[in-house]
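Pasted below: start.csv, CSV, C-alpha atoms.
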chain,number,residue,atom,x,y,z
A,1,MET,CA,-11.8,-17.4,79.4
A,2,SER,CA,-13.1,-18.2,82.8
A,3,SER,CA,-14.0,-21.7,83.8
A,4,ARG,CA,-17.6,-22.9,83.8
A,5,ASP,CA,-19.7,-24.8,86.2
A,6,LEU,CA,-21.6,-27.9,85.3
A,7,LYS,CA,-25.3,-27.7,86.0
A,8,GLU,CA,-27.3,-30.9,85.8
A,9,LEU,CA,-30.3,-30.8,83.5
A,10,SER,CA,-33.6,-32.4,84.3
A,11,GLU,CA,-34.6,-35.4,82.2
A,12,ALA,CA,-37.3,-33.4,80.5
A,13,ASP,CA,-34.9,-30.6,79.6
A,14,ALA,CA,-32.3,-33.0,78.4
A,15,LEU,CA,-34.8,-34.8,76.1
A,16,ARG,CA,-36.1,-31.5,74.8
A,17,LEU,CA,-32.6,-30.3,73.9
A,18,LEU,CA,-31.8,-33.7,72.3
A,19,ALA,CA,-34.9,-33.4,70.2
A,20,GLY,CA,-33.8,-30.0,68.9
A,21,ALA,CA,-30.3,-31.1,67.9
A,22,PRO,CA,-29.8,-31.9,64.3
A,23,LEU,CA,-27.1,-34.5,64.9
A,24,GLY,CA,-25.9,-36.9,67.6
A,25,ARG,CA,-23.5,-39.8,68.0
A,26,ILE,CA,-24.5,-43.4,68.7
A,27,VAL,CA,-22.0,-45.2,70.9
A,28,PHE,CA,-21.9,-49.0,71.0
A,29,THR,CA,-19.7,-52.0,71.6
A,30,ARG,CA,-18.2,-54.0,68.8
A,31,HIS,CA,-16.1,-57.1,69.5
A,32,ALA,CA,-15.8,-55.7,73.1
A,33,LEU,CA,-14.4,-52.5,71.9
A,34,PRO,CA,-16.0,-49.0,72.1
A,35,ALA,CA,-17.3,-47.7,68.8
A,36,VAL,CA,-19.1,-44.4,67.8
A,37,ARG,CA,-20.8,-43.0,64.7
A,38,PRO,CA,-22.2,-39.6,64.1
A,39,VAL,CA,-25.8,-39.7,62.8
A,40,ASN,CA,-28.8,-37.6,62.5
A,41,HIS,CA,-31.9,-38.5,64.5
A,42,ILE,CA,-35.3,-37.5,65.6
A,43,VAL,CA,-36.9,-37.9,69.0
A,44,ASP,CA,-40.4,-39.5,68.9
A,45,ASP,CA,-42.5,-40.2,71.9
A,46,GLY,CA,-39.4,-40.1,74.1
A,47,GLN,CA,-37.4,-42.5,71.9
A,48,ILE,CA,-34.4,-41.7,69.7
A,49,VAL,CA,-34.8,-42.8,66.1
A,50,ILE,CA,-32.1,-43.1,63.5
A,51,ARG,CA,-31.7,-44.6,60.0
A,52,THR,CA,-28.8,-46.8,58.8
A,53,ASN,CA,-27.9,-49.1,55.9
A,54,PRO,CA,-29.2,-52.6,56.3
A,55,GLY,CA,-25.6,-54.0,56.2
A,56,THR,CA,-24.0,-52.1,59.0
A,57,VAL,CA,-23.0,-53.4,62.4
A,58,LEU,CA,-25.8,-51.4,63.9
A,59,SER,CA,-28.3,-53.1,61.7
A,60,THR,CA,-26.9,-56.7,61.8
A,61,GLU,CA,-25.5,-57.0,65.3
A,62,VAL,CA,-26.3,-54.2,67.7
A,63,ALA,CA,-30.0,-53.6,67.2
A,64,PRO,CA,-31.0,-57.3,66.5
A,65,SER,CA,-29.5,-58.3,69.8
A,66,GLY,CA,-31.2,-55.5,71.7
A,67,ALA,CA,-27.7,-54.3,72.9
A,68,VAL,CA,-27.4,-51.3,75.2
A,69,VAL,CA,-26.1,-48.2,73.4
A,70,ALA,CA,-25.5,-44.6,74.3
A,71,PHE,CA,-26.5,-41.6,72.3
A,72,GLU,CA,-24.9,-38.3,72.8
A,73,ALA,CA,-25.6,-34.8,71.4
A,74,ASP,CA,-24.2,-31.5,72.4
A,75,GLU,CA,-24.2,-27.8,71.4
A,76,LEU,CA,-21.1,-26.2,72.9
A,77,ASP,CA,-20.0,-22.7,72.1
A,78,MET,CA,-16.3,-22.9,71.3
A,79,ASP,CA,-15.7,-19.2,72.0
A,80,GLU,CA,-17.8,-18.7,75.1
A,81,HIS,CA,-17.5,-22.3,76.5
A,82,LEU,CA,-21.2,-22.3,77.2
A,83,GLY,CA,-23.8,-24.9,76.1
A,84,TRP,CA,-25.1,-28.3,76.9
A,85,SER,CA,-24.5,-32.0,76.4
A,86,VAL,CA,-27.0,-34.9,76.8
A,87,ILE,CA,-26.3,-38.6,77.0
A,88,VAL,CA,-29.0,-41.2,76.8
A,89,THR,CA,-28.4,-44.9,77.5
A,90,GLY,CA,-30.8,-47.6,76.5
A,91,MET,CA,-31.6,-50.6,74.4
A,92,ALA,CA,-31.4,-50.4,70.6
A,93,GLN,CA,-34.1,-52.1,68.6
A,94,LEU,CA,-34.9,-52.6,65.0
A,95,VAL,CA,-38.2,-51.0,63.9
A,96,ASP,CA,-39.7,-53.9,62.0
A,97,ASP,CA,-43.2,-52.8,61.6
A,98,PRO,CA,-43.5,-51.5,58.0
A,99,GLU,CA,-46.0,-48.7,58.8
A,100,GLU,CA,-44.0,-47.5,61.8
A,101,ALA,CA,-40.8,-47.6,59.8
A,102,ALA,CA,-42.4,-45.7,56.9
A,103,ARG,CA,-43.6,-43.0,59.3
A,104,PHE,CA,-40.2,-42.5,60.8
A,105,LYS,CA,-38.5,-42.5,57.3
A,106,ALA,CA,-40.8,-39.7,56.2
A,107,ARG,CA,-39.5,-37.6,59.0
A,108,LEU,CA,-35.9,-38.6,59.0
A,109,ARG,CA,-34.0,-37.7,55.8
A,110,PRO,CA,-30.4,-39.2,55.8
A,111,TRP,CA,-27.5,-37.0,55.1
A,112,VAL,CA,-25.7,-39.7,53.3
A,113,ALA,CA,-26.6,-41.3,50.0
A,114,GLY,CA,-27.5,-45.0,50.1
A,115,GLU,CA,-30.4,-47.3,51.0
A,116,MET,CA,-30.5,-46.2,54.7
A,117,ASP,CA,-33.6,-48.4,54.8
A,118,GLN,CA,-33.1,-49.7,58.3
A,119,VAL,CA,-34.8,-47.8,61.1
A,120,ILE,CA,-33.5,-48.2,64.7
A,121,ARG,CA,-35.0,-46.9,67.9
A,122,ILE,CA,-33.3,-46.4,71.3
A,123,ARG,CA,-35.5,-46.6,74.3
A,124,PRO,CA,-33.9,-44.3,77.0
A,125,GLU,CA,-33.3,-45.9,80.3
A,126,ILE,CA,-30.9,-43.4,81.7
A,127,VAL,CA,-30.9,-39.8,80.6
A,128,THR,CA,-28.2,-37.4,81.8
A,129,GLY,CA,-27.5,-33.9,80.7
A,130,PHE,CA,-25.6,-30.9,81.8
A,131,ALA,CA,-25.2,-27.3,80.9
A,132,LEU,CA,-22.0,-25.3,81.1
A,133,VAL,CA,-22.9,-22.1,83.0
A,134,PRO,CA,-20.8,-19.1,84.1
A,135,ARG,CA,-19.1,-20.0,87.3
A,136,SER,CA,-20.6,-18.8,90.6
A,137,THR,CA,-18.0,-18.8,93.4
A,138,PRO,CA,-18.9,-18.9,97.1
A,139,ASP,CA,-17.5,-15.4,97.6
A,140,GLY,CA,-19.4,-14.0,94.7
A,141,ASP,CA,-16.3,-12.9,92.6
A,142,ALA,CA,-17.5,-14.5,89.4
A,143,SER,CA,-17.4,-11.1,87.7
A,144,ALA,CA,-13.8,-10.6,88.6
A,145,GLN,CA,-12.5,-13.6,86.7
B,1,MET,CA,-31.0,-31.0,50.2
B,2,SER,CA,-29.3,-33.6,48.1
B,3,SER,CA,-27.7,-36.6,49.7
B,4,ARG,CA,-23.9,-36.7,50.2
B,5,ASP,CA,-21.3,-39.3,49.5
B,6,LEU,CA,-18.8,-40.5,52.1
B,7,LYS,CA,-15.2,-40.0,51.1
B,8,GLU,CA,-12.6,-41.8,53.2
B,9,LEU,CA,-9.9,-39.6,54.7
B,10,SER,CA,-6.2,-40.6,54.9
B,11,GLU,CA,-4.9,-41.1,58.4
B,12,ALA,CA,-2.7,-38.0,58.1
B,13,ASP,CA,-5.7,-35.8,57.0
B,14,ALA,CA,-7.9,-37.3,59.8
B,15,LEU,CA,-5.3,-36.5,62.5
B,16,ARG,CA,-4.8,-33.0,61.1
B,17,LEU,CA,-8.5,-32.3,61.3
B,18,LEU,CA,-8.8,-33.8,64.7
B,19,ALA,CA,-5.9,-31.6,65.9
B,20,GLY,CA,-7.8,-28.5,64.7
B,21,ALA,CA,-11.1,-29.4,66.4
B,22,PRO,CA,-11.7,-27.7,69.7
B,23,LEU,CA,-13.8,-30.5,71.2
B,24,GLY,CA,-14.2,-34.3,70.9
B,25,ARG,CA,-16.0,-37.1,72.7
B,26,ILE,CA,-14.2,-39.9,74.5
B,27,VAL,CA,-16.0,-43.2,74.3
B,28,PHE,CA,-15.3,-46.0,76.7
B,29,THR,CA,-16.9,-49.0,78.4
B,30,ARG,CA,-18.1,-48.9,82.0
B,31,HIS,CA,-19.5,-52.0,83.6
B,32,ALA,CA,-19.7,-53.5,80.1
B,33,LEU,CA,-21.9,-50.6,79.0
B,34,PRO,CA,-21.0,-48.0,76.4
B,35,ALA,CA,-20.3,-44.5,77.8
B,36,VAL,CA,-19.3,-41.2,76.3
B,37,ARG,CA,-18.2,-37.8,77.5
B,38,PRO,CA,-17.5,-34.6,75.6
B,39,VAL,CA,-14.1,-33.1,76.3
B,40,ASN,CA,-11.6,-30.7,74.9
B,41,HIS,CA,-8.3,-32.1,73.7
B,42,ILE,CA,-5.0,-31.5,72.0
B,43,VAL,CA,-3.1,-33.7,69.6
B,44,ASP,CA,0.6,-34.0,70.5
B,45,ASP,CA,3.0,-36.1,68.5
B,46,GLY,CA,0.1,-38.1,67.1
B,47,GLN,CA,-1.5,-38.7,70.5
B,48,ILE,CA,-4.7,-37.3,71.8
B,49,VAL,CA,-4.4,-35.7,75.2
B,50,ILE,CA,-7.2,-34.7,77.6
B,51,ARG,CA,-7.6,-33.6,81.2
B,52,THR,CA,-10.0,-34.8,83.7
B,53,ASN,CA,-10.7,-34.8,87.5
B,54,PRO,CA,-8.7,-37.3,89.5
B,55,GLY,CA,-11.9,-39.0,90.8
B,56,THR,CA,-13.6,-39.8,87.5
B,57,VAL,CA,-14.1,-43.2,85.9
B,58,LEU,CA,-11.6,-42.2,83.2
B,59,SER,CA,-9.0,-41.5,85.9
B,60,THR,CA,-9.6,-44.3,88.2
B,61,GLU,CA,-10.7,-47.2,86.0
B,62,VAL,CA,-10.3,-46.7,82.3
B,63,ALA,CA,-6.8,-45.1,82.0
B,64,PRO,CA,-5.1,-47.1,84.8
B,65,SER,CA,-6.1,-50.4,83.2
B,66,GLY,CA,-5.0,-49.3,79.8
B,67,ALA,CA,-8.4,-49.8,78.4
B,68,VAL,CA,-9.2,-49.3,74.7
B,69,VAL,CA,-11.2,-46.2,74.1
B,70,ALA,CA,-12.5,-44.3,71.1
B,71,PHE,CA,-12.3,-40.6,70.5
B,72,GLU,CA,-14.5,-38.9,68.0
B,73,ALA,CA,-14.6,-35.3,66.7
B,74,ASP,CA,-16.6,-33.9,63.8
B,75,GLU,CA,-17.4,-30.7,62.1
B,76,LEU,CA,-20.6,-31.1,60.2
B,77,ASP,CA,-22.5,-28.3,58.6
B,78,MET,CA,-26.2,-28.6,59.6
B,79,ASP,CA,-27.4,-26.6,56.6
B,80,GLU,CA,-25.2,-27.9,53.8
B,81,HIS,CA,-24.7,-31.4,55.2
B,82,LEU,CA,-21.0,-31.1,54.4
B,83,GLY,CA,-18.1,-31.7,56.8
B,84,TRP,CA,-16.0,-34.5,58.3
B,85,SER,CA,-15.9,-36.9,61.2
B,86,VAL,CA,-12.8,-38.7,62.6
B,87,ILE,CA,-12.7,-41.6,65.0
B,88,VAL,CA,-9.6,-42.8,66.7
B,89,THR,CA,-9.4,-46.1,68.6
B,90,GLY,CA,-6.5,-46.8,71.0
B,91,MET,CA,-5.3,-47.5,74.5
B,92,ALA,CA,-5.8,-44.8,77.2
B,93,GLN,CA,-3.0,-44.2,79.6
B,94,LEU,CA,-2.4,-41.9,82.6
B,95,VAL,CA,0.3,-39.3,82.1
B,96,ASP,CA,2.3,-39.9,85.3
B,97,ASP,CA,5.5,-38.1,84.5
B,98,PRO,CA,5.1,-34.7,86.3
B,99,GLU,CA,7.1,-32.7,83.7
B,100,GLU,CA,5.2,-34.2,80.8
B,101,ALA,CA,1.9,-33.7,82.6
B,102,ALA,CA,2.8,-30.0,83.3
B,103,ARG,CA,3.7,-29.5,79.7
B,104,PHE,CA,0.3,-30.8,78.6
B,105,LYS,CA,-1.6,-28.9,81.2
B,106,ALA,CA,0.0,-25.6,80.0
B,107,ARG,CA,-1.5,-26.3,76.6
B,108,LEU,CA,-4.8,-27.7,77.6
B,109,ARG,CA,-7.1,-25.4,79.5
B,110,PRO,CA,-10.2,-27.1,80.8
B,111,TRP,CA,-13.6,-25.6,80.0
B,112,VAL,CA,-15.0,-26.8,83.3
B,113,ALA,CA,-14.0,-25.5,86.8
B,114,GLY,CA,-12.4,-28.0,89.1
B,115,GLU,CA,-9.1,-29.7,89.7
B,116,MET,CA,-8.8,-31.4,86.3
B,117,ASP,CA,-5.4,-32.4,87.4
B,118,GLN,CA,-5.3,-35.8,85.7
B,119,VAL,CA,-3.8,-35.9,82.2
B,120,ILE,CA,-4.7,-38.9,80.0
B,121,ARG,CA,-3.3,-39.7,76.6
B,122,ILE,CA,-4.7,-41.9,73.9
B,123,ARG,CA,-2.3,-43.7,71.5
B,124,PRO,CA,-4.1,-44.1,68.3
B,125,GLU,CA,-4.1,-47.7,66.8
B,126,ILE,CA,-6.9,-47.3,64.4
B,127,VAL,CA,-7.7,-43.9,62.7
B,128,THR,CA,-10.7,-43.6,60.5
B,129,GLY,CA,-12.2,-40.5,59.0
B,130,PHE,CA,-14.6,-39.5,56.4
B,131,ALA,CA,-15.7,-36.4,54.6
B,132,LEU,CA,-19.3,-35.7,53.4
B,133,VAL,CA,-18.9,-34.5,49.9
B,134,PRO,CA,-21.5,-33.6,47.2
B,135,ARG,CA,-22.8,-36.7,45.5
B,136,SER,CA,-21.3,-37.7,42.2
B,137,THR,CA,-23.5,-40.1,40.3
B,138,PRO,CA,-22.4,-42.4,37.5
B,139,ASP,CA,-24.5,-40.6,34.9
B,140,GLY,CA,-23.3,-37.2,36.0
B,141,ASP,CA,-26.7,-35.8,37.0
B,142,ALA,CA,-25.5,-34.5,40.4
B,143,SER,CA,-26.4,-31.0,39.4
B,144,ALA,CA,-30.0,-32.0,38.8
B,145,GLN,CA,-30.7,-33.2,42.3
Representation of the structure as structure tokens:
Amino acid sequence: MSSRDLKELSEADALRLLAGAPLGRIVFTRHALPAVRPVNHIVDDGQIVIRTNPGTVLSTEVAPSGAVVAFEADELDMDEHLGWSVIVTGMAQLVDDPEEAARFKARLRPWVAGEMDQVIRIRPEIVTGFALVPRSTPDGDASAQ
Amino acid sequence: MSSRDLKELSEADALRLLAGAPLGRIVFTRHALPAVRPVNHIVDDGQIVIRTNPGTVLSTEVAPSGAVVAFEADELDMDEHLGWSVIVTGMAQLVDDPEEAARFKARLRPWVAGEMDQVIRIRPEIVTGFALVPRSTPDGDASAQ
């Protein structure tokens, strides 16, 4: 398996790929320690929207305080070592408006049983993404690897 | 698609699944903000080992200071909504011993071109894992969902 180059994605491409991914990972800080949870999501009007149970750290601490979180999704081919990864950083926020929350819940079916009644949105402030692409070497010998 | 229950994994099962995963995500704090990078890894003697370029934040800030990081891997079936996720939390550390670093490098081929000469290990202090399993309801109507 030859090595791959990293190609930076535009913000538009990154958000488009993120919107098409069925699953991502929300990354946050808890008691000053890094924490991460896999979660399914939608992208709505440039924001990432997830559901969680009302009693979770995300619902009771992270989102109410408007903490900055990261959200990562990737689709990386284990055999070919090709694919992409997108990382969004921004403030988390509870979706309190009942009509808005209901609209999101209708589109966002949780995988896990439970209330999952709290809707949280992330407003992206930094969007980074890269694609793993076949390596192009200065002397053009990529095909020889 | 019916909802799934979360079943907690034993630490041994969690580390076994993590060792079999081709890819994980290292989660750390940078300038007090949450950060995350996808990376391939191995599990050696209960420790997670990754490679990175010498100039990255992981190499120059996170690991040298012995910062606490999280490492997450998952294999979740997008159609069936079954699978698992494992999250390890522990201190990151540079692998400075040349023989030890060489031994890890021989087993850990980076996907991305570049030096990738720095080896970092994570010593797990907290290991949590869960499996998504078909829901079992108290009245036994799981099959009716």
TODO: Would you kindly report the residues of chain B within 6 Å of chain A, using all atoms listed in the file, as a list in words?
DONE: Ser3, Arg4, Asp5, Phe28, Pro34, Val69, Ala70, Trp111, Val112 and Ala113 of chain B
TODO: Work out how far CA of Gly55 (chain A) is from CA of Phe130 (chain B), in Å to one decimal.
DONE: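 According to the coordinates, CA of Phe130 (chain B) and CA of Gly55 (chain A) are separated by 18.2 Å.
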Task: Non-local contacts of Pro124 (chain B) (8 Å; only C-alpha atoms; under 2 positions in same chain excluded) as number ranges by chain - done: B: 46-48, 88-91, 122, 126-127
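Taking all atoms listed in the file into account, Ala92 (chain B) lies nearest to B:Val62 out of the set B:Val62, B:Leu108, B:Leu17, B:Met116.
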Task: Which residue of A:Asp96, A:Leu18, A:Ile120, A:Arg107 approaches Glu75 (chain A) most closely, using only C-alpha atoms - done: A:Leu18
TODO: Go ahead and compute the interatomic distance for CA of Glu61 (chain B) and CA of Gln118 (chain B), in Å to one decimal.
DONE: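 Interatomic distance, CA of Glu61 (chain B) to CA of Gln118 (chain B): 12.6 Å.
Take the candidates A:Glu99, A:Val39, A:Thr128, A:Arg16 and check each one against Asn53 (chain A) using only C-alpha atoms; the shortest distance goes to A:Val39.
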Task: For CA of Gly20 (chain A) and CA of Gly129 (chain A), the interatomic separation in Å (one decimal) - done: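 If I compute the distance from CA of Gly20 (chain A) to CA of Gly129 (chain A), I get 13.9 Å.
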- [ ] Can you work out which one of B:Thr56, B:Ser136, B:Ser10, B:Ser65 has the shortest atom-to-atom distance to Glu115 (chain B), counting all atoms listed in the file?
- [x] B:Thr56
- [ ] Excluding Asp97 (chain A) and residues on its chain fewer than 5 positions from it, collect all residues at most 12 Å away from it, counting only C-alpha atoms, and give them as a list in words.
- [x]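 Contacts, with the query itself left out: Ala102, Arg103, Phe104, Gln118, Val119, Ile120 and Arg121 of chain A.
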For the residues in that selection, give me C-alpha atoms as an mmCIF file, in the frame of the given file.
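Generated output (again.cif):
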data_model
loop_
_atom_site.group_PDB
_atom_site.id
_atom_site.type_symbol
_atom_site.label_atom_id
_atom_site.label_comp_id
_atom_site.auth_asym_id
_atom_site.auth_seq_id
_atom_site.Cartn_x
_atom_site.Cartn_y
_atom_site.Cartn_z
ATOM 1 C CA ALA A 102 -42.400 -45.700 56.900
ATOM 2 C CA ARG A 103 -43.600 -43.000 59.300
ATOM 3 C CA PHE A 104 -40.200 -42.500 60.800
ATOM 4 C CA GLN A 118 -33.100 -49.700 58.300
ATOM 5 C CA VAL A 119 -34.800 -47.800 61.100
ATOM 6 C CA ILE A 120 -33.500 -48.200 64.700
ATOM 7 C CA ARG A 121 -35.000 -46.900 67.900
#
Reconstructed N, CA, C and O atoms for region 98-114 of chain B, given as a PDB file, in the frame of the given file:
ATOM      1  N   PRO B  98       5.570 -36.037  85.941  1.00  0.00           N
ATOM      2  CA  PRO B  98       5.100 -34.700  86.300  1.00  0.00           C
ATOM      3  C   PRO B  98       5.505 -33.621  85.277  1.00  0.00           C
ATOM      4  O   PRO B  98       4.704 -32.724  85.001  1.00  0.00           O
ATOM      5  N   GLU B  99       6.700 -33.721  84.712  1.00  0.00           N
ATOM      6  CA  GLU B  99       7.100 -32.700  83.700  1.00  0.00           C
ATOM      7  C   GLU B  99       6.241 -32.796  82.464  1.00  0.00           C
ATOM      8  O   GLU B  99       5.820 -31.787  81.893  1.00  0.00           O
ATOM      9  N   GLU B 100       5.992 -34.029  82.042  1.00  0.00           N
ATOM     10  CA  GLU B 100       5.200 -34.200  80.800  1.00  0.00           C
ATOM     11  C   GLU B 100       3.747 -33.736  81.107  1.00  0.00           C
ATOM     12  O   GLU B 100       3.132 -33.055  80.280  1.00  0.00           O
ATOM     13  N   ALA B 101       3.219 -34.085  82.280  1.00  0.00           N
ATOM     14  CA  ALA B 101       1.900 -33.700  82.600  1.00  0.00           C
ATOM     15  C   ALA B 101       1.775 -32.135  82.675  1.00  0.00           C
ATOM     16  O   ALA B 101       0.813 -31.534  82.186  1.00  0.00           O
ATOM     17  N   ALA B 102       2.786 -31.501  83.245  1.00  0.00           N
ATOM     18  CA  ALA B 102       2.800 -30.000  83.300  1.00  0.00           C
ATOM     19  C   ALA B 102       2.815 -29.404  81.953  1.00  0.00           C
ATOM     20  O   ALA B 102       2.155 -28.393  81.693  1.00  0.00           O
ATOM     21  N   ARG B 103       3.592 -30.012  81.075  1.00  0.00           N
ATOM     22  CA  ARG B 103       3.700 -29.500  79.700  1.00  0.00           C
ATOM     23  C   ARG B 103       2.320 -29.561  79.004  1.00  0.00           C
ATOM     24  O   ARG B 103       1.895 -28.611  78.338  1.00  0.00           O
ATOM     25  N   PHE B 104       1.629 -30.677  79.186  1.00  0.00           N
ATOM     26  CA  PHE B 104       0.300 -30.800  78.600  1.00  0.00           C
ATOM     27  C   PHE B 104      -0.683 -29.838  79.209  1.00  0.00           C
ATOM     28  O   PHE B 104      -1.491 -29.213  78.523  1.00  0.00           O
ATOM     29  N   LYS B 105      -0.629 -29.724  80.539  1.00  0.00           N
ATOM     30  CA  LYS B 105      -1.600 -28.900  81.200  1.00  0.00           C
ATOM     31  C   LYS B 105      -1.457 -27.409  80.777  1.00  0.00           C
ATOM     32  O   LYS B 105      -2.442 -26.661  80.726  1.00  0.00           O
ATOM     33  N   ALA B 106      -0.245 -27.015  80.479  1.00  0.00           N
ATOM     34  CA  ALA B 106       0.000 -25.600  80.000  1.00  0.00           C
ATOM     35  C   ALA B 106      -0.716 -25.363  78.698  1.00  0.00           C
ATOM     36  O   ALA B 106      -1.080 -24.234  78.391  1.00  0.00           O
ATOM     37  N   ARG B 107      -0.902 -26.432  77.908  1.00  0.00           N
ATOM     38  CA  ARG B 107      -1.500 -26.300  76.600  1.00  0.00           C
ATOM     39  C   ARG B 107      -2.976 -26.588  76.540  1.00  0.00           C
ATOM     40  O   ARG B 107      -3.625 -26.371  75.512  1.00  0.00           O
ATOM     41  N   LEU B 108      -3.498 -27.098  77.639  1.00  0.00           N
ATOM     42  CA  LEU B 108      -4.800 -27.700  77.600  1.00  0.00           C
ATOM     43  C   LEU B 108      -5.672 -27.122  78.723  1.00  0.00           C
ATOM     44  O   LEU B 108      -5.695 -27.650  79.823  1.00  0.00           O
ATOM     45  N   ARG B 109      -6.352 -26.038  78.454  1.00  0.00           N
ATOM     46  CA  ARG B 109      -7.100 -25.400  79.500  1.00  0.00           C
ATOM     47  C   ARG B 109      -8.525 -25.974  79.558  1.00  0.00           C
ATOM     48  O   ARG B 109      -9.278 -25.925  78.577  1.00  0.00           O
ATOM     49  N   PRO B 110      -8.909 -26.534  80.707  1.00  0.00           N
ATOM     50  CA  PRO B 110     -10.200 -27.100  80.800  1.00  0.00           C
ATOM     51  C   PRO B 110     -11.339 -26.075  80.675  1.00  0.00           C
ATOM     52  O   PRO B 110     -11.153 -24.934  81.104  1.00  0.00           O
ATOM     53  N   TRP B 111     -12.445 -26.492  80.118  1.00  0.00           N
ATOM     54  CA  TRP B 111     -13.600 -25.600  80.000  1.00  0.00           C
ATOM     55  C   TRP B 111     -14.326 -25.548  81.384  1.00  0.00           C
ATOM     56  O   TRP B 111     -15.010 -24.572  81.696  1.00  0.00           O
ATOM     57  N   VAL B 112     -14.229 -26.636  82.130  1.00  0.00           N
ATOM     58  CA  VAL B 112     -15.000 -26.800  83.300  1.00  0.00           C
ATOM     59  C   VAL B 112     -14.147 -26.501  84.561  1.00  0.00           C
ATOM     60  O   VAL B 112     -12.994 -26.927  84.621  1.00  0.00           O
ATOM     61  N   ALA B 113     -14.720 -25.794  85.530  1.00  0.00           N
ATOM     62  CA  ALA B 113     -14.000 -25.500  86.800  1.00  0.00           C
ATOM     63  C   ALA B 113     -13.752 -26.818  87.528  1.00  0.00           C
ATOM     64  O   ALA B 113     -14.515 -27.766  87.429  1.00  0.00           O
ATOM     65  N   GLY B 114     -12.692 -26.852  88.297  1.00  0.00           N
ATOM     66  CA  GLY B 114     -12.400 -28.000  89.100  1.00  0.00           C
ATOM     67  C   GLY B 114     -10.914 -28.347  89.006  1.00  0.00           C
ATOM     68  O   GLY B 114     -10.159 -27.641  88.344  1.00  0.00           O
TER      69      GLY B 114
END
